[in-house]
$ cat run_36.pdb   # PDB, C-alpha atoms, pLDDT in the B column
ATOM      1  CA  MET A   7     -22.166 146.661  84.674  1.00 81.00           C
ATOM      2  CA  THR A   8     -19.791 145.302  82.018  1.00 90.00           C
ATOM      3  CA  LEU A   9     -17.670 147.052  79.428  1.00 96.00           C
ATOM      4  CA  GLN A  10     -18.895 147.118  75.844  1.00 96.00           C
ATOM      5  CA  ALA A  11     -16.197 146.487  73.261  1.00 97.00           C
ATOM      6  CA  ILE A  12     -15.551 146.226  69.531  1.00 96.00           C
ATOM      7  CA  THR A  13     -13.677 143.079  68.549  1.00 96.00           C
ATOM      8  CA  LEU A  14     -11.678 142.481  65.373  1.00 95.00           C
ATOM      9  CA  PRO A  15     -10.686 138.877  64.584  1.00 95.00           C
ATOM     10  CA  PRO A  16      -7.226 138.096  63.181  1.00 94.00           C
ATOM     11  CA  ALA A  17      -6.843 139.382  59.620  1.00 93.00           C
ATOM     12  CA  ASN A  18      -5.404 136.048  58.457  1.00 93.00           C
ATOM     13  CA  GLY A  19      -8.621 134.194  59.267  1.00 93.00           C
ATOM     14  CA  GLN A  20      -6.818 131.822  61.606  1.00 92.00           C
ATOM     15  CA  PRO A  21      -7.326 131.297  65.363  1.00 91.00           C
ATOM     16  CA  PRO A  22      -5.652 134.187  67.237  1.00 93.00           C
ATOM     17  CA  GLN A  23      -2.092 133.710  68.434  1.00 92.00           C
ATOM     18  CA  GLY A  24      -2.410 136.685  70.749  1.00 96.00           C
ATOM     19  CA  LEU A  25      -4.709 139.445  71.929  1.00 97.00           C
ATOM     20  CA  ILE A  26      -4.292 143.240  71.849  1.00 97.00           C
ATOM     21  CA  VAL A  27      -6.630 145.433  73.910  1.00 98.00           C
ATOM     22  CA  ILE A  28      -6.519 149.187  73.215  1.00 98.00           C
ATOM     23  CA  LEU A  29      -8.090 151.805  75.513  1.00 98.00           C
ATOM     24  CA  HIS A  30      -9.267 155.201  74.278  1.00 98.00           C
ATOM     25  CA  GLY A  31      -8.672 158.516  76.008  1.00 96.00           C
ATOM     26  CA  TRP A  32     -10.880 161.000  77.869  1.00 96.00           C
ATOM     27  CA  GLY A  33     -13.853 162.104  75.778  1.00 95.00           C
ATOM     28  CA  ALA A  34     -13.170 159.644  72.950  1.00 96.00           C
ATOM     29  CA  SER A  35     -14.620 156.180  72.331  1.00 96.00           C
ATOM     30  CA  ALA A  36     -13.734 152.718  71.059  1.00 96.00           C
ATOM     31  CA  GLN A  37     -14.540 153.910  67.529  1.00 94.00           C
ATOM     32  CA  ASP A  38     -11.743 156.478  67.726  1.00 93.00           C
ATOM     33  CA  VAL A  39      -8.986 153.943  68.399  1.00 94.00           C
ATOM     34  CA  LEU A  40     -10.555 151.280  66.180  1.00 94.00           C
ATOM     35  CA  SER A  41      -9.171 153.146  63.169  1.00 89.00           C
ATOM     36  CA  LEU A  42      -5.629 152.339  64.329  1.00 89.00           C
ATOM     37  CA  ALA A  43      -6.075 148.678  63.447  1.00 90.00           C
ATOM     38  CA  SER A  44      -5.933 149.300  59.691  1.00 88.00           C
ATOM     39  CA  PHE A  45      -2.479 150.879  60.049  1.00 91.00           C
ATOM     40  CA  ILE A  46      -0.910 148.033  62.063  1.00 91.00           C
ATOM     41  CA  ASN A  47       0.019 144.805  60.284  1.00 92.00           C
ATOM     42  CA  LEU A  48      -0.401 142.166  62.987  1.00 94.00           C
ATOM     43  CA  PRO A  49      -2.562 139.543  61.251  1.00 94.00           C
ATOM     44  CA  ASN A  50      -2.109 136.888  63.960  1.00 94.00           C
ATOM     45  CA  TYR A  51      -3.682 139.028  66.679  1.00 96.00           C
ATOM     46  CA  GLN A  52      -7.265 139.547  67.709  1.00 96.00           C
ATOM     47  CA  MET A  53      -7.901 143.174  68.693  1.00 97.00           C
ATOM     48  CA  VAL A  54     -10.372 144.454  71.270  1.00 97.00           C
ATOM     49  CA  PHE A  55     -11.411 148.102  71.720  1.00 98.00           C
ATOM     50  CA  PRO A  56     -13.489 148.674  74.887  1.00 98.00           C
ATOM     51  CA  ASP A  57     -15.660 151.685  75.602  1.00 97.00           C
ATOM     52  CA  ALA A  58     -15.072 153.331  78.965  1.00 98.00           C
ATOM     53  CA  PRO A  59     -18.049 152.924  81.327  1.00 97.00           C
ATOM     54  CA  PHE A  60     -18.907 156.584  81.917  1.00 97.00           C
ATOM     55  CA  PRO A  61     -20.404 159.148  79.485  1.00 95.00           C
ATOM     56  CA  HIS A  62     -18.268 162.229  78.982  1.00 93.00           C
ATOM     57  CA  PRO A  63     -19.906 165.378  80.393  1.00 89.00           C
ATOM     58  CA  TYR A  64     -19.004 167.612  77.429  1.00 88.00           C
ATOM     59  CA  ALA A  65     -18.262 165.488  74.341  1.00 85.00           C
ATOM     60  CA  ALA A  66     -21.401 164.061  72.709  1.00 87.00           C
ATOM     61  CA  GLY A  67     -20.937 160.320  72.335  1.00 89.00           C
ATOM     62  CA  GLY A  68     -17.635 160.484  74.194  1.00 95.00           C
ATOM     63  CA  ARG A  69     -16.734 158.249  77.110  1.00 97.00           C
ATOM     64  CA  MET A  70     -14.360 158.481  80.045  1.00 97.00           C
ATOM     65  CA  TRP A  71     -12.703 156.085  82.462  1.00 96.00           C
ATOM     66  CA  TYR A  72     -13.088 158.704  85.205  1.00 94.00           C
ATOM     67  CA  ASP A  73     -13.538 162.443  85.560  1.00 92.00           C
ATOM     68  CA  PHE A  74     -10.741 164.758  86.610  1.00 88.00           C
ATOM     69  CA  PRO A  75     -10.973 166.728  89.864  1.00 81.00           C
ATOM     70  CA  SER A  76     -10.934 170.480  89.339  1.00 78.00           C
ATOM     71  CA  ASN A  77      -7.429 170.812  90.812  1.00 78.00           C
ATOM     72  CA  PHE A  78      -5.856 167.986  88.794  1.00 81.00           C
ATOM     73  CA  ASN A  79      -2.578 169.037  87.151  1.00 81.00           C
ATOM     74  CA  PHE A  80      -0.729 165.739  86.409  1.00 84.00           C
ATOM     75  CA  GLN A  81       1.752 166.537  89.182  1.00 78.00           C
ATOM     76  CA  ASN A  82       0.287 165.618  92.555  1.00 69.00           C
ATOM     77  CA  THR A  83      -1.823 162.459  92.173  1.00 65.00           C
ATOM     78  CA  LEU A  84      -1.641 161.342  95.805  1.00 59.00           C
ATOM     79  CA  GLY A  85      -5.024 159.862  96.721  1.00 64.00           C
ATOM     80  CA  PHE A  86      -6.305 160.069  93.164  1.00 74.00           C
ATOM     81  CA  ARG A  87      -6.130 156.284  92.863  1.00 76.00           C
ATOM     82  CA  ASP A  88      -9.053 155.902  95.294  1.00 80.00           C
ATOM     83  CA  ARG A  89     -11.622 157.913  93.305  1.00 85.00           C
ATOM     84  CA  PRO A  90     -14.896 155.900  93.073  1.00 92.00           C
ATOM     85  CA  ASP A  91     -15.178 156.229  89.280  1.00 94.00           C
ATOM     86  CA  LEU A  92     -11.551 155.169  88.794  1.00 93.00           C
ATOM     87  CA  SER A  93     -12.061 152.222  91.149  1.00 93.00           C
ATOM     88  CA  THR A  94     -15.114 151.152  89.126  1.00 96.00           C
ATOM     89  CA  SER A  95     -13.248 151.366  85.825  1.00 96.00           C
ATOM     90  CA  ARG A  96     -10.305 149.474  87.295  1.00 95.00           C
ATOM     91  CA  GLN A  97     -12.582 146.636  88.397  1.00 96.00           C
ATOM     92  CA  LEU A  98     -14.499 146.502  85.099  1.00 97.00           C
ATOM     93  CA  LEU A  99     -11.345 146.529  82.994  1.00 98.00           C
ATOM     94  CA  THR A 100      -9.768 143.788  85.098  1.00 96.00           C
ATOM     95  CA  GLU A 101     -12.922 141.691  84.728  1.00 97.00           C
ATOM     96  CA  LEU A 102     -12.946 142.257  80.952  1.00 97.00           C
ATOM     97  CA  LEU A 103      -9.328 141.153  80.546  1.00 97.00           C
ATOM     98  CA  LYS A 104      -9.922 138.012  82.581  1.00 96.00           C
ATOM     99  CA  SER A 105     -13.144 137.222  80.721  1.00 96.00           C
ATOM    100  CA  LEU A 106     -11.357 137.496  77.366  1.00 95.00           C
ATOM    101  CA  THR A 107      -9.117 134.646  78.445  1.00 93.00           C
ATOM    102  CA  ALA A 108     -12.191 132.421  78.724  1.00 92.00           C
ATOM    103  CA  THR A 109     -13.961 133.615  75.559  1.00 92.00           C
ATOM    104  CA  THR A 110     -10.914 133.660  73.242  1.00 92.00           C
ATOM    105  CA  GLY A 111      -8.734 130.929  74.708  1.00 92.00           C
ATOM    106  CA  ILE A 112      -5.850 133.432  74.812  1.00 95.00           C
ATOM    107  CA  PRO A 113      -4.196 133.572  78.260  1.00 96.00           C
ATOM    108  CA  LEU A 114      -3.140 136.828  79.889  1.00 96.00           C
ATOM    109  CA  SER A 115       0.466 135.856  79.140  1.00 95.00           C
ATOM    110  CA  ARG A 116      -0.304 136.399  75.437  1.00 96.00           C
ATOM    111  CA  THR A 117      -2.407 139.537  75.933  1.00 97.00           C
ATOM    112  CA  ILE A 118      -1.024 143.033  75.322  1.00 98.00           C
ATOM    113  CA  LEU A 119      -2.807 146.008  76.894  1.00 98.00           C
ATOM    114  CA  GLY A 120      -2.349 149.523  75.557  1.00 98.00           C
ATOM    115  CA  GLY A 121      -3.988 152.901  75.675  1.00 98.00           C
ATOM    116  CA  PHE A 122      -3.839 156.552  74.697  1.00 98.00           C
ATOM    117  CA  SER A 123      -3.825 159.435  77.204  1.00 97.00           C
ATOM    118  CA  GLN A 124      -6.285 158.518  79.995  1.00 96.00           C
ATOM    119  CA  GLY A 125      -6.347 155.040  78.440  1.00 97.00           C
ATOM    120  CA  GLY A 126      -2.572 154.935  78.868  1.00 97.00           C
ATOM    121  CA  ALA A 127      -2.954 155.769  82.545  1.00 95.00           C
ATOM    122  CA  MET A 128      -5.513 152.952  82.877  1.00 96.00           C
ATOM    123  CA  THR A 129      -3.061 150.637  81.109  1.00 97.00           C
ATOM    124  CA  LEU A 130      -0.462 151.239  83.809  1.00 95.00           C
ATOM    125  CA  ASP A 131      -2.997 151.189  86.640  1.00 93.00           C
ATOM    126  CA  VAL A 132      -4.482 147.797  85.714  1.00 94.00           C
ATOM    127  CA  GLY A 133      -1.785 146.235  83.545  1.00 95.00           C
ATOM    128  CA  LEU A 134       1.042 146.385  86.066  1.00 93.00           C
ATOM    129  CA  GLY A 135      -0.999 144.181  88.383  1.00 91.00           C
ATOM    130  CA  LEU A 136      -1.626 141.400  85.874  1.00 93.00           C
ATOM    131  CA  PRO A 137       0.682 138.802  84.251  1.00 94.00           C
ATOM    132  CA  LEU A 138       0.293 140.296  80.781  1.00 96.00           C
ATOM    133  CA  LYS A 139       2.592 139.891  77.805  1.00 97.00           C
ATOM    134  CA  GLY A 140       3.222 143.636  77.505  1.00 97.00           C
ATOM    135  CA  LEU A 141       1.917 147.164  77.980  1.00 98.00           C
ATOM    136  CA  MET A 142       1.812 150.143  75.589  1.00 98.00           C
ATOM    137  CA  VAL A 143       1.373 153.646  77.012  1.00 98.00           C
ATOM    138  CA  LEU A 144       0.793 156.362  74.410  1.00 98.00           C
ATOM    139  CA  SER A 145       0.845 159.949  75.710  1.00 97.00           C
ATOM    140  CA  GLY A 146      -0.099 158.597  79.136  1.00 96.00           C
ATOM    141  CA  TYR A 147       0.731 159.193  82.776  1.00 94.00           C
ATOM    142  CA  LEU A 148       0.709 157.471  86.161  1.00 92.00           C
ATOM    143  CA  HIS A 149      -2.149 157.756  88.647  1.00 86.00           C
ATOM    144  CA  ALA A 150      -0.163 157.081  91.811  1.00 76.00           C
ATOM    145  CA  ALA A 151       2.759 155.157  93.229  1.00 74.00           C
ATOM    146  CA  ILE A 152       3.178 151.617  91.901  1.00 79.00           C
ATOM    147  CA  GLU A 153       2.912 148.834  94.429  1.00 74.00           C
ATOM    148  CA  GLN A 154       5.534 146.093  94.339  1.00 72.00           C
ATOM    149  CA  GLN A 155       4.192 142.632  93.520  1.00 71.00           C
ATOM    150  CA  ALA A 156       5.301 139.036  93.583  1.00 60.00           C
ATOM    151  CA  VAL A 157       4.933 138.373  89.840  1.00 71.00           C
ATOM    152  CA  ALA A 158       7.125 139.985  87.192  1.00 84.00           C
ATOM    153  CA  PHE A 159       5.972 143.259  85.664  1.00 92.00           C
ATOM    154  CA  PRO A 160       5.210 143.193  81.905  1.00 95.00           C
ATOM    155  CA  PRO A 161       7.647 144.825  79.442  1.00 96.00           C
ATOM    156  CA  THR A 162       6.333 148.317  78.725  1.00 97.00           C
ATOM    157  CA  LEU A 163       6.468 150.622  75.722  1.00 98.00           C
ATOM    158  CA  MET A 164       6.055 154.327  76.508  1.00 98.00           C
ATOM    159  CA  VAL A 165       5.727 157.006  73.820  1.00 98.00           C
ATOM    160  CA  HIS A 166       5.191 160.733  74.367  1.00 98.00           C
ATOM    161  CA  GLY A 167       5.271 163.974  72.388  1.00 98.00           C
ATOM    162  CA  ARG A 168       7.702 166.718  73.359  1.00 98.00           C
ATOM    163  CA  GLN A 169       5.078 169.301  72.336  1.00 98.00           C
ATOM    164  CA  ASP A 170       2.184 167.642  74.199  1.00 97.00           C
ATOM    165  CA  THR A 171       0.069 170.428  75.728  1.00 95.00           C
ATOM    166  CA  VAL A 172      -2.557 168.073  77.222  1.00 95.00           C
ATOM    167  CA  VAL A 173      -0.469 165.592  79.205  1.00 95.00           C
ATOM    168  CA  PRO A 174       2.860 167.319  79.965  1.00 95.00           C
ATOM    169  CA  LEU A 175       6.052 165.561  78.962  1.00 96.00           C
ATOM    170  CA  ALA A 176       7.163 165.806  82.591  1.00 95.00           C
ATOM    171  CA  ALA A 177       4.280 163.503  83.590  1.00 94.00           C
ATOM    172  CA  ALA A 178       5.574 160.800  81.248  1.00 95.00           C
ATOM    173  CA  GLN A 179       9.107 161.274  82.538  1.00 95.00           C
ATOM    174  CA  ARG A 180       7.953 160.897  86.136  1.00 92.00           C
ATOM    175  CA  ALA A 181       6.106 157.717  85.192  1.00 93.00           C
ATOM    176  CA  LEU A 182       9.219 156.424  83.440  1.00 96.00           C
ATOM    177  CA  TYR A 183      11.315 157.064  86.543  1.00 93.00           C
ATOM    178  CA  SER A 184       8.792 155.234  88.762  1.00 91.00           C
ATOM    179  CA  LEU A 185       8.793 152.210  86.449  1.00 94.00           C
ATOM    180  CA  GLN A 186      12.568 152.126  86.178  1.00 93.00           C
ATOM    181  CA  CYS A 187      12.932 152.257  89.969  1.00 90.00           C
ATOM    182  CA  LEU A 188      11.008 148.973  90.113  1.00 90.00           C
ATOM    183  CA  GLY A 189      13.237 147.384  87.494  1.00 91.00           C
ATOM    184  CA  ILE A 190      10.511 147.278  84.835  1.00 93.00           C
ATOM    185  CA  ASP A 191      11.713 146.735  81.274  1.00 95.00           C
ATOM    186  CA  VAL A 192      10.654 150.053  79.700  1.00 97.00           C
ATOM    187  CA  ARG A 193      11.184 151.057  76.051  1.00 97.00           C
ATOM    188  CA  TYR A 194      10.747 154.840  76.158  1.00 98.00           C
ATOM    189  CA  GLN A 195      10.580 157.156  73.141  1.00 97.00           C
ATOM    190  CA  GLU A 196       9.924 160.878  72.766  1.00 98.00           C
ATOM    191  CA  PHE A 197       8.930 162.413  69.431  1.00 97.00           C
ATOM    192  CA  ASP A 198       8.459 165.940  68.095  1.00 97.00           C
ATOM    193  CA  MET A 199       4.664 165.813  68.189  1.00 97.00           C
ATOM    194  CA  GLY A 200       1.743 166.932  70.286  1.00 97.00           C
ATOM    195  CA  HIS A 201      -0.990 164.904  71.989  1.00 97.00           C
ATOM    196  CA  GLU A 202      -1.494 162.494  69.108  1.00 96.00           C
ATOM    197  CA  ILE A 203      -0.602 159.165  67.528  1.00 95.00           C
ATOM    198  CA  GLN A 204       1.554 159.708  64.459  1.00 95.00           C
ATOM    199  CA  PRO A 205       2.579 157.008  61.920  1.00 95.00           C
ATOM    200  CA  VAL A 206       5.983 156.699  63.593  1.00 95.00           C
ATOM    201  CA  VAL A 207       4.189 155.650  66.790  1.00 96.00           C
ATOM    202  CA  LEU A 208       2.148 153.025  64.947  1.00 96.00           C
ATOM    203  CA  ALA A 209       5.371 151.598  63.489  1.00 95.00           C
ATOM    204  CA  LEU A 210       6.847 151.462  66.983  1.00 96.00           C
ATOM    205  CA  ILE A 211       3.754 149.623  68.275  1.00 96.00           C
ATOM    206  CA  GLN A 212       4.083 147.046  65.534  1.00 95.00           C
ATOM    207  CA  SER A 213       7.800 146.465  66.138  1.00 96.00           C
ATOM    208  CA  PHE A 214       7.213 146.195  69.910  1.00 97.00           C
ATOM    209  CA  VAL A 215       4.510 143.537  69.466  1.00 96.00           C
ATOM    210  CA  GLU A 216       6.627 141.667  66.917  1.00 95.00           C
ATOM    211  CA  GLU A 217       9.579 141.694  69.307  1.00 94.00           C
ATOM    212  CA  LEU A 218       7.465 140.246  72.113  1.00 94.00           C
ATOM    213  CA  SER A 219       6.208 137.563  69.707  1.00 88.00           C
ATOM    214  CA  ARG A 220       9.761 136.630  68.689  1.00 84.00           C
ATOM    215  CA  ASN A 221      10.731 136.391  72.349  1.00 75.00           C
ATOM    216  CA  ASP A 222       7.824 133.963  72.883  1.00 70.00           C
ATOM    217  CA  GLU A 223       8.948 131.841  69.940  1.00 61.00           C
ATOM    218  CA  GLY A 224      12.504 131.790  71.232  1.00 54.00           C
ATOM    219  CA  SER A 225      11.363 130.707  74.676  1.00 53.00           C
ATOM    220  CA  ALA A 226       9.260 127.902  73.165  1.00 51.00           C
ATOM    221  CA  LYS A 227      12.245 126.555  71.209  1.00 50.00           C
ATOM    222  CA  ALA A 228      14.660 126.753  74.138  1.00 44.00           C
TER     223      ALA A 228
END
$ encode --input "run_36.pdb" --output "structure tokens"
Amino acid sequence: MTLQAITLPPANGQPPQGLIVILHGWGASAQDVLSLASFINLPNYQMVFPDAPFPHPYAAGGRMWYDFPSNFNFQNTLGFRDRPDLSTSRQLLTELLKSLTATTGIPLSRTILGGFSQGGAMTLDVGLGLPLKGLMVLSGYLHAAIEQQAVAFPPTLMVHGRQDTVVPLAAAQRALYSLQCLGIDVRYQEFDMGHEIQPVVLALIQSFVEELSRNDEGSAKA
């Protein structure tokens, strides 16, 4: 099994200077997050939108990275990390990210992984274990405790709505605390919105990616 994905080449027609991979949420699909690309002006980047491996049980055409247990409440996730469907998605997503390095010529160090809702949780789950350029977590949460690692954690953007009735704000705040305890560079923003991606969030995504790109350029000149 491999993940199917929609790929958009750089808008400037040049070889990509970086890679952005965006993960959809529970019951959505790659097509749903594909629409974000037209609102983000990052012409040097190739964008990849994978479909989750499992069909959603209720949404026609929808996909999911894993199903939720009946007692899931975004508070006690102990043991949730070992669910078979989550383990499968974790492996497939890791394989996809590594394969993109070979097919695009873009190393993980110039790859940014992001996701919305369940896709945001997958971003943290997989992305914190890889030497990526950065992570973007939109209305997401944390599956379980983060394990310390030898390599540096990627800088992370976290955005959440104060009126989110799907993934509680408290879940994002707990994730933020866990990341900060490990010394991860987290840019955290709350907005007066629900479980959604508003234009202000898209602007924040663009500025975050541009900042990481400037940091790369500065390091190259040093």
$ closest_residue --input "run_36.pdb" --among "A:Leu99, A:Leu175, A:Leu119, A:Val143" --to "Ile203 of chain A" --atoms "all atoms listed in the file"
A:Val143
$ resolve_selection --input "run_36.pdb" --expression "the PyMOL selection byres ((chain A and resi 134-139) around 12)" --output "PyMOL selection string"
chain A and resi 24-27+96-97+99-101+103-104+107+112-120+126-133+140-143+148+151-163+185+188+190-191+214-219+221-222
$ residues_around --input "run_36.pdb" --residues "segment 59-68 of chain A" --least-positions-apart "3" --cutoff "6 Å" --atoms "only C-alpha atoms" --output "CSV table (one decimal) with C-alpha atoms, in the coordinates of the input"
chain,number,residue,atom,x,y,z
A,33,GLY,CA,-13.9,162.1,75.8
A,34,ALA,CA,-13.2,159.6,73.0
A,35,SER,CA,-14.6,156.2,72.3
$ closest_residue --input "run_36.pdb" --among "A:Gln52, A:Ser44, A:Asn18, A:Gln212" --to "Gly111 of chain A" --atoms "all atoms listed in the file"
A:Gln52
$ closest_residue --input "run_36.pdb" --among "A:Cys187, A:Met53, A:Ala43, A:Val207" --to "Ser145 of chain A" --atoms "all atoms listed in the file"
A:Val207
$ closest_residue --input "run_36.pdb" --among "A:Gln81, A:Gln23, A:Ser184, A:Ser123" --to "Val39 of chain A" --atoms "all atoms listed in the file"
A:Ser123
